[in-house]
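S.K.: So here's work.txt (compact mmCIF, C-alpha atoms and all ligand atoms).
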```
# COMPACT_ATOMS: atom_id res chain seq x y z
CA MET A 1 118.83 40.41 113.34
CA ALA A 2 117.24 43.47 114.91
CA LYS A 3 118.59 46.54 116.68
CA ILE A 4 117.10 46.51 120.17
CA LEU A 5 117.30 49.31 122.70
CA LEU A 6 117.14 47.87 126.23
CA VAL A 7 116.24 50.38 128.96
CA ASP A 8 116.54 49.26 132.60
CA ASP A 9 118.20 50.80 135.65
CA SER A 10 119.27 47.39 136.97
CA SER A 11 122.60 46.26 135.56
CA PHE A 12 121.72 42.76 136.80
CA GLN A 13 118.57 42.74 134.70
CA ARG A 14 120.28 44.35 131.66
CA LYS A 15 122.97 41.69 131.73
CA LEU A 16 120.36 38.92 131.96
CA MET A 17 118.18 40.20 129.12
CA SER A 18 121.07 41.30 126.91
CA LYS A 19 122.40 37.77 127.07
CA MET A 20 119.01 36.36 126.03
CA LEU A 21 118.55 38.84 123.19
CA CYS A 22 122.11 38.38 121.89
CA SER A 23 121.64 34.60 121.90
CA MET A 24 118.59 35.20 119.65
CA GLY A 25 120.94 36.96 117.25
CA HIS A 26 119.93 40.57 117.97
CA ARG A 27 122.16 43.60 118.54
CA VAL A 28 121.49 45.21 121.92
CA THR A 29 122.22 48.74 123.10
CA GLU A 30 121.67 49.42 126.79
CA ALA A 31 120.43 52.53 128.59
CA GLU A 32 120.08 52.89 132.36
CA ASN A 33 117.01 55.13 132.45
CA GLY A 34 114.25 56.52 130.25
CA ARG A 35 116.06 59.81 129.64
CA LYS A 36 119.19 58.09 128.30
CA GLY A 37 116.95 55.72 126.36
CA LEU A 38 115.17 58.60 124.63
CA ASP A 39 118.51 60.22 123.78
CA LEU A 40 119.49 57.01 122.02
CA VAL A 41 116.25 56.65 120.06
CA ASP A 42 117.23 59.33 117.49
CA THR A 43 120.85 58.33 117.02
CA LEU A 44 120.37 54.57 117.14
CA GLU A 45 117.04 54.27 115.29
CA PRO A 46 116.28 50.94 116.99
CA ASP A 47 113.84 48.41 115.55
CA MET A 48 112.39 47.85 118.99
CA ILE A 49 112.54 49.22 122.55
CA ILE A 50 112.35 47.01 125.62
CA THR A 51 111.83 49.04 128.77
CA ASP A 52 111.57 48.64 132.52
CA LEU A 53 109.09 50.84 134.43
CA LEU A 54 110.65 51.90 137.74
CA MET A 55 113.75 53.93 136.93
CA PRO A 56 115.30 57.17 138.16
CA GLU A 57 115.38 60.33 135.98
CA LEU A 58 112.62 59.20 133.61
CA ASP A 59 110.57 56.06 134.24
CA GLY A 60 109.08 53.69 131.69
CA ILE A 61 105.69 55.42 131.72
CA GLY A 62 107.45 58.71 130.91
CA LEU A 63 109.34 57.03 128.10
CA LEU A 64 106.14 55.58 126.62
CA ARG A 65 104.42 58.97 126.92
CA ASP A 66 107.26 60.66 125.08
CA LEU A 67 107.28 58.06 122.31
CA LYS A 68 103.52 58.51 121.91
CA LYS A 69 103.90 62.31 121.77
CA ARG A 70 106.49 61.90 119.01
CA ASP A 71 104.17 59.55 117.13
CA SER A 72 106.99 57.05 117.15
CA ALA A 73 106.43 53.89 115.15
CA ILE A 74 109.10 51.96 117.06
CA PRO A 75 107.37 49.14 118.95
CA ALA A 76 107.95 49.21 122.70
CA VAL A 77 107.66 46.28 125.09
CA VAL A 78 107.49 46.71 128.85
CA VAL A 79 109.31 44.22 131.07
CA SER A 80 108.51 44.97 134.71
CA ALA A 81 108.23 43.40 138.14
CA ASP A 82 104.94 45.28 138.59
CA ILE A 83 102.13 42.72 138.31
CA GLN A 84 99.29 45.20 138.89
CA GLU A 85 96.62 44.84 136.21
CA THR A 86 96.09 48.64 136.25
CA THR A 87 99.77 49.22 135.42
CA ARG A 88 99.60 46.79 132.51
CA GLN A 89 96.49 48.53 131.16
CA GLU A 90 98.10 51.97 131.46
CA CYS A 91 101.17 50.81 129.52
CA LEU A 92 99.09 49.25 126.76
CA GLN A 93 96.99 52.44 126.54
CA LEU A 94 100.21 54.44 126.18
CA GLY A 95 101.11 52.35 123.16
CA ALA A 96 103.22 49.50 124.59
CA ARG A 97 102.83 46.52 122.25
CA ASP A 98 103.28 43.95 125.00
CA PHE A 99 103.82 43.72 128.75
CA LEU A 100 105.95 40.96 130.30
CA ASN A 101 106.61 40.34 133.97
CA LYS A 102 110.01 39.81 135.54
CA PRO A 103 111.63 37.39 135.84
CA VAL A 104 111.17 37.14 132.09
CA LYS A 105 111.50 33.70 130.54
CA HIS A 106 113.75 33.27 127.50
CA ALA A 107 110.93 31.63 125.50
CA ASP A 108 108.43 34.40 126.29
CA LEU A 109 110.87 37.16 125.38
CA ALA A 110 111.83 35.37 122.16
CA ALA A 111 108.17 34.89 121.18
CA THR A 112 107.30 38.54 121.85
CA VAL A 113 110.32 39.91 119.98
CA GLU A 114 109.72 37.57 117.03
CA ARG A 115 106.00 38.43 116.85
CA LEU A 116 106.72 42.17 116.89
CA LEU A 117 109.47 41.96 114.30
CA GLN A 118 107.13 40.02 112.02
CA SER A 119 104.36 42.57 112.53
CA ILE A 120 106.76 45.44 111.65
CA ALA A 121 107.83 43.56 108.52
CA GLY A 122 104.15 43.11 107.68
CA GLU A 123 103.39 46.80 108.23
CA GLU A 124 106.38 47.85 106.11
CA SER A 125 105.42 45.60 103.20
CA LYS A 126 101.92 47.16 103.22
CA CYS A 127 103.41 50.68 102.64
CA MET B 1 92.02 46.31 165.79
CA LEU B 2 91.08 43.57 163.39
CA THR B 3 88.13 41.23 163.71
CA ARG B 4 88.71 37.52 163.16
CA GLU B 5 87.03 37.70 159.74
CA GLN B 6 89.17 40.67 158.68
CA THR B 7 92.35 38.91 159.81
CA GLY B 8 91.26 35.79 157.94
CA THR B 9 90.57 37.62 154.67
CA LEU B 10 93.75 39.70 154.90
CA THR B 11 95.87 36.64 155.65
CA GLU B 12 94.29 34.87 152.70
CA ILE B 13 95.07 37.75 150.31
CA ILE B 14 98.63 38.23 151.57
CA ASN B 15 99.19 34.47 151.53
CA ALA B 16 98.22 34.35 147.85
CA GLY B 17 100.83 37.04 147.19
CA VAL B 18 103.43 35.23 149.26
CA LYS B 19 102.79 32.00 147.34
CA LYS B 20 103.28 33.89 144.10
CA ALA B 21 106.54 35.35 145.44
CA GLY B 22 107.64 31.82 146.35
CA SER B 23 107.05 30.43 142.87
CA VAL B 24 108.81 33.42 141.30
CA LEU B 25 111.81 32.99 143.61
CA SER B 26 111.89 29.28 142.84
CA GLU B 27 111.94 30.14 139.13
CA LEU B 28 114.81 32.60 139.67
CA VAL B 29 117.08 30.29 141.64
CA GLY B 30 115.97 26.99 140.10
CA ARG B 31 115.40 25.43 143.54
CA GLN B 32 112.44 24.54 145.65
CA VAL B 33 111.31 27.43 147.85
CA ARG B 34 109.12 27.00 150.90
CA MET B 35 107.04 29.97 151.98
CA GLN B 36 105.43 30.12 155.40
CA VAL B 37 101.92 31.37 155.98
CA PRO B 38 102.40 35.06 156.81
CA LEU B 39 102.17 36.36 160.33
CA LEU B 40 99.94 39.42 160.61
CA GLY B 41 99.99 42.00 163.35
CA VAL B 42 99.13 45.54 164.29
CA THR B 43 101.57 47.76 166.17
CA ASP B 44 103.22 51.16 165.80
CA PHE B 45 106.45 51.99 164.03
CA THR B 46 108.31 52.54 167.31
CA ASN B 47 107.73 48.97 168.48
CA LEU B 48 107.79 47.37 165.10
CA HIS B 49 111.27 45.85 165.25
CA ASP B 50 110.36 44.10 168.51
CA CYS B 51 107.29 42.42 166.99
CA ILE B 52 108.88 40.93 163.93
CA GLY B 53 110.93 38.26 165.63
CA ILE B 54 114.32 39.05 164.09
CA ASP B 55 117.34 39.59 166.38
CA ASN B 56 117.78 43.37 166.66
CA ASN B 57 121.59 43.04 166.57
CA LEU B 58 121.78 40.88 163.46
CA GLN B 59 123.41 42.53 160.41
CA LEU B 60 120.89 42.41 157.58
CA VAL B 61 120.66 43.27 153.92
CA SER B 62 117.34 44.68 152.76
CA VAL B 63 115.47 45.97 149.76
CA CYS B 64 112.80 48.55 150.44
CA GLN B 65 109.94 49.08 148.02
CA GLN B 66 108.03 52.20 148.96
CA PHE B 67 104.59 53.10 147.76
CA HIS B 68 102.67 56.35 147.94
CA GLY B 69 99.33 57.71 146.88
CA THR B 70 96.13 56.98 148.74
CA MET B 71 98.00 54.16 150.50
CA ASP B 72 101.43 54.87 152.00
CA GLY B 73 103.86 52.32 153.29
CA TYR B 74 106.60 50.03 152.18
CA ALA B 75 107.54 46.41 151.66
CA LEU B 76 110.89 44.95 152.68
CA LEU B 77 112.89 41.93 151.68
CA LEU B 78 115.12 41.06 154.66
CA LEU B 79 118.01 38.61 154.76
CA SER B 80 120.95 38.12 157.05
CA ARG B 81 124.20 39.20 155.41
CA GLU B 82 125.25 35.55 154.97
CA ASN B 83 121.91 34.58 153.49
CA GLY B 84 122.09 37.60 151.19
CA ASP B 85 125.42 36.28 149.90
CA ALA B 86 124.00 32.77 149.51
CA LEU B 87 120.99 34.07 147.56
CA THR B 88 123.27 36.18 145.34
CA GLN B 89 125.35 33.08 144.66
CA HIS B 90 122.20 31.28 143.53
CA LEU B 91 121.33 34.19 141.24
CA ILE B 92 124.73 34.95 139.76
CA GLY B 93 126.30 31.51 139.86
CA GLU B 94 129.60 30.19 141.06
CA GLY B 95 131.57 33.24 139.90
CA PHE B 96 130.32 35.31 142.82
CA ASP B 97 132.98 36.35 145.33
CA PRO B 98 131.23 37.82 148.41
CA SER B 99 134.25 39.88 149.49
CA ALA B 100 134.81 41.64 146.17
CA MET B 101 131.36 42.03 144.72
CA ASP B 102 129.36 44.42 146.88
CA VAL B 103 127.91 46.14 143.83
CA GLU B 104 126.96 42.88 142.20
CA ARG B 105 125.23 41.66 145.36
CA GLU B 106 123.40 44.96 145.73
CA GLU B 107 122.22 44.93 142.11
CA ALA B 108 121.08 41.30 142.19
CA LEU B 109 119.28 41.58 145.53
CA ARG B 110 117.68 44.90 144.61
CA GLU B 111 116.13 43.29 141.56
CA VAL B 112 115.03 40.15 143.42
CA GLY B 113 113.63 42.28 146.24
CA ASN B 114 111.74 44.30 143.67
CA ILE B 115 110.27 41.18 142.06
CA LEU B 116 109.31 39.52 145.39
CA THR B 117 107.73 42.57 147.03
CA ASN B 118 105.85 43.30 143.81
CA SER B 119 104.45 39.76 143.82
CA VAL B 120 102.88 40.33 147.22
CA LEU B 121 101.82 43.97 146.75
CA GLY B 122 100.56 43.32 143.22
CA THR B 123 98.40 40.45 144.43
CA ILE B 124 96.87 42.72 147.10
CA SER B 125 96.35 45.41 144.46
CA ASN B 126 94.69 43.07 141.97
CA THR B 127 92.45 41.59 144.69
CA VAL B 128 91.19 44.74 146.38
CA GLY B 129 91.37 46.96 143.29
CA HIS B 130 93.82 49.54 144.62
CA ARG B 131 96.80 50.80 142.63
CA PHE B 132 100.10 51.15 144.51
CA GLU B 133 102.32 53.95 143.22
CA TYR B 134 105.82 52.50 143.59
CA GLN B 135 109.15 54.26 144.06
CA VAL B 136 112.49 52.96 142.81
CA PRO B 137 113.54 50.20 145.27
CA VAL B 138 116.33 50.98 147.71
CA TYR B 139 119.01 48.54 148.94
CA ARG B 140 120.18 48.96 152.51
CA GLN B 141 122.41 47.20 155.06
CA GLY B 142 122.16 47.40 158.84
CA THR B 143 120.28 46.08 161.83
CA LEU B 144 116.48 45.75 161.79
CA PRO B 145 115.87 48.90 163.88
CA GLU B 146 118.19 50.87 161.55
CA ILE B 147 116.54 49.57 158.39
CA ILE B 148 113.02 50.20 159.70
CA GLY B 149 114.05 53.65 160.94
CA PHE B 150 115.49 54.72 157.57
CA SER B 151 112.77 53.08 155.49
CA SER B 152 109.96 54.59 157.59
CA CYS B 153 111.56 58.01 157.35
CA ASP B 154 111.99 57.72 153.56
CA ALA B 155 108.44 56.50 153.13
CA SER B 156 107.18 59.39 155.32
CA CYS B 157 105.75 56.91 157.82
CA SER B 158 105.63 58.78 161.09
CA VAL B 159 107.40 57.12 164.01
CA GLY B 160 104.39 57.83 166.19
CA ASP B 161 102.01 56.36 163.65
CA SER B 162 99.87 53.94 165.59
CA HIS B 163 98.03 50.88 164.34
CA THR B 164 100.45 50.03 161.63
CA LEU B 165 99.78 46.78 159.85
CA TYR B 166 102.68 44.46 159.36
CA ALA B 167 102.83 41.10 157.67
CA ARG B 168 105.91 38.93 157.85
CA ALA B 169 106.40 35.91 155.63
CA GLN B 170 109.44 33.73 156.03
CA PHE B 171 110.85 31.65 153.21
CA ASP B 172 113.65 29.19 152.77
CA ILE B 173 115.40 27.86 149.73
CA ASP B 174 115.67 24.13 150.01
CA ASP B 175 119.04 22.54 150.54
CA GLU B 176 121.07 25.72 151.09
CA ARG B 177 118.69 26.81 153.83
CA VAL B 178 118.61 30.42 152.73
CA VAL B 179 116.14 32.04 155.09
CA GLY B 180 114.59 35.43 154.49
CA SER B 181 111.52 37.52 155.23
CA ILE B 182 109.15 39.70 153.31
CA LEU B 183 107.61 42.44 155.39
CA ILE B 184 104.77 44.76 154.46
CA LEU B 185 104.10 47.88 156.48
CA LEU B 186 101.22 50.26 156.08
CA THR B 187 100.59 53.58 157.78
CA SER B 188 97.47 53.73 159.94
CA ARG B 189 95.61 55.68 157.24
CA ALA B 190 96.54 53.12 154.59
CA PHE B 191 95.68 50.32 156.99
CA LYS B 192 92.17 51.75 157.56
CA LEU B 193 91.66 52.08 153.82
CA LEU B 194 92.81 48.51 153.20
CA ILE B 195 90.41 47.21 155.86
CA GLU B 196 87.55 49.12 154.21
CA MET B 197 88.47 47.51 150.91
CA VAL B 198 88.72 44.06 152.51
CA ASP B 199 85.31 44.54 154.16
CA GLY B 200 83.89 45.62 150.79
CA LEU B 201 85.37 42.52 149.20
CA ARG B 202 83.86 40.25 151.87
CA PHE B 203 80.50 41.95 151.43
CA LYS B 204 80.62 41.32 147.67
CA VAL B 205 81.52 37.65 148.22
CA GLN B 206 78.64 37.28 150.71
CA LEU B 207 76.21 38.84 148.25
CA ARG B 208 77.38 36.49 145.51
CA GLN B 209 76.91 33.49 147.81
CA GLN B 210 73.33 34.43 148.71
MG MG A 301 113.88 49.28 137.67
```
Give the structure from this file in structure tokens form.

M.R.:
Amino acid sequence: MAKILLVDDSSFQRKLMSKMLCSMGHRVTEAENGRKGLDLVDTLEPDMIITDLLMPELDGIGLLRDLKKRDSAIPAVVVSADIQETTRQECLQLGARDFLNKPVKHADLAATVERLLQSIAGEESKC
Amino acid sequence: MLTREQTGTLTEIINAGVKKAGSVLSELVGRQVRMQVPLLGVTDFTNLHDCIGIDNNLQLVSVCQQFHGTMDGYALLLLSRENGDALTQHLIGEGFDPSAMDVEREEALREVGNILTNSVLGTISNTVGHRFEYQVPVYRQGTLPEIIGFSSCDASCSVGDSHTLYARAQFDIDDERVVGSILILLTSRAFKLLIEMVDGLRFKVQLRQQ
């Protein structure tokens, strides 16, 4: 079980993805924009962040930038409706570990989360 | 105005995006979705609502996805109020009560609108190599002239802007007959830029074929 911070301004989308992540056995904390997400990073110490891009206050790009500035080791995954290849590249350059398009499929989300959790476990055992 | 070749290439690009939107919508609602080949036209913002072929008195729900940068404009998902409710029912399930769940409908349609308009705009972007800078999508209710008026104003599209490109694609979800439209509108400056990119694309294809 992992602690996952889910950042998306759409309550419809949060509900959908929370349900998927909970059914995989993870604990989900929701935030409705990047600013609130960042506030939760310190207190929650999540194992992983899943973020949308287009959000008021602070968008997903801003969130990724901030995490990069902090040298955060928490893996972040972008889940967005934006299918532009340039957007995907920008997110990966800013440190996102994966980029999924909405509507996200249960199997794709599960595979990404599992892969990242295994890679964190691998990185930790190397320390 | 557009030449026949330009219209052909543009229709082809937008049609690819519309097809993508159709398969995404089908995935979302778990039903078969039929998308029509988009109708392309050039007009100005003042006459736009008369060109689109939707009754100007019909109460609609809409999601507006604005974009700025070197290309300004917006994309709209348009549905009649009843069709908006029917689509929400598909998305949320049987628990949806149209009279009590305005917020739920707004949230669900805003997200679907976002996904559908991004399918079309993203396909254009990936084909011509231009990045759209999106704004947070906005949900709106009203008649077509009201929605276009507000959306154009928000997107800083001048009412007097001539030679605006519009593309309208109609879709329907199989047995429930949910009918909706996706509309893309570009300012004249953005339109000129897009045509330059389309011409460049055609030139590259011609070179490759030689
Ligand atoms: Mg969003």

S.K.: Within 12 Å of segment 202-209 of chain B, counting only C-alpha atoms, which residues qualify if same-chain residues fewer than 6 places away don't, as a list in words?

M.R.: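 Surrounding residues, per the criterion: Glu5, Gln6, Thr7, Gly8, Thr9, Leu10, Glu12, Ile13, Thr127, Val128, Ile195 and Glu196 of chain B.
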
S.K.: For the residues in that selection, give me C-alpha atoms as a CSV table (one decimal), in the coordinates of the input.

M.R.:
```csv
chain,number,residue,atom,x,y,z
B,5,GLU,CA,87.0,37.7,159.7
B,6,GLN,CA,89.2,40.7,158.7
B,7,THR,CA,92.4,38.9,159.8
B,8,GLY,CA,91.3,35.8,157.9
B,9,THR,CA,90.6,37.6,154.7
B,10,LEU,CA,93.8,39.7,154.9
B,12,GLU,CA,94.3,34.9,152.7
B,13,ILE,CA,95.1,37.8,150.3
B,127,THR,CA,92.4,41.6,144.7
B,128,VAL,CA,91.2,44.7,146.4
B,195,ILE,CA,90.4,47.2,155.9
B,196,GLU,CA,87.6,49.1,154.2
```

S.K.: When you count all atoms listed in the file, which of these residues is closest to ligand MG 301 (chain A): B:Gln170, B:Ser152, B:Ser119, B:Gln65?

M.R.: B:Gln65

S.K.: Which residues form the shell of 10 Å around ligand MG 301 (chain A) when you count only C-alpha atoms and all ligand atoms, given as an mmCIF file with C-alpha atoms, in the frame of the given file?

M.R.:
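Heads up, here's the output in pocket06.cif:
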```
data_model
loop_
_atom_site.group_PDB
_atom_site.id
_atom_site.type_symbol
_atom_site.label_atom_id
_atom_site.label_comp_id
_atom_site.auth_asym_id
_atom_site.auth_seq_id
_atom_site.Cartn_x
_atom_site.Cartn_y
_atom_site.Cartn_z
ATOM 1 C CA VAL A 7 116.240 50.380 128.960
ATOM 2 C CA ASP A 8 116.540 49.260 132.600
ATOM 3 C CA ASP A 9 118.200 50.800 135.650
ATOM 4 C CA SER A 10 119.270 47.390 136.970
ATOM 5 C CA SER A 11 122.600 46.260 135.560
ATOM 6 C CA GLN A 13 118.570 42.740 134.700
ATOM 7 C CA GLU A 32 120.080 52.890 132.360
ATOM 8 C CA ASN A 33 117.010 55.130 132.450
ATOM 9 C CA THR A 51 111.830 49.040 128.770
ATOM 10 C CA ASP A 52 111.570 48.640 132.520
ATOM 11 C CA LEU A 53 109.090 50.840 134.430
ATOM 12 C CA LEU A 54 110.650 51.900 137.740
ATOM 13 C CA MET A 55 113.750 53.930 136.930
ATOM 14 C CA PRO A 56 115.300 57.170 138.160
ATOM 15 C CA ASP A 59 110.570 56.060 134.240
ATOM 16 C CA GLY A 60 109.080 53.690 131.690
ATOM 17 C CA VAL A 79 109.310 44.220 131.070
ATOM 18 C CA SER A 80 108.510 44.970 134.710
ATOM 19 C CA ALA A 81 108.230 43.400 138.140
ATOM 20 C CA ASP A 82 104.940 45.280 138.590
ATOM 21 C CA ARG B 110 117.680 44.900 144.610
ATOM 22 C CA GLU B 111 116.130 43.290 141.560
ATOM 23 C CA ASN B 114 111.740 44.300 143.670
ATOM 24 C CA ILE B 115 110.270 41.180 142.060
ATOM 25 C CA GLN B 135 109.150 54.260 144.060
ATOM 26 C CA VAL B 136 112.490 52.960 142.810
ATOM 27 C CA PRO B 137 113.540 50.200 145.270
#
```

S.K.: Using atom CA of Thr70 of chain B and atom CA of Glu133 of chain B as the two end points, give the distance in Å to one decimal.

M.R.: 8.8 Å

S.K.: Could you check which of B:Leu79, B:Ala86, B:Ala108, B:Val179 is closest to chain A, using all atoms listed in the file?

M.R.: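 Looking only at the distances to chain A, the closest residue turns out to be B:Ala108.
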
S.K.: Choose the residue, out of B:Ala16, B:Ala167, B:Val120, B:Leu48, that has the smallest atom-to-atom separation from chain A; count only C-alpha atoms.

M.R.: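 Smallest separation from chain A among the options: B:Val120.
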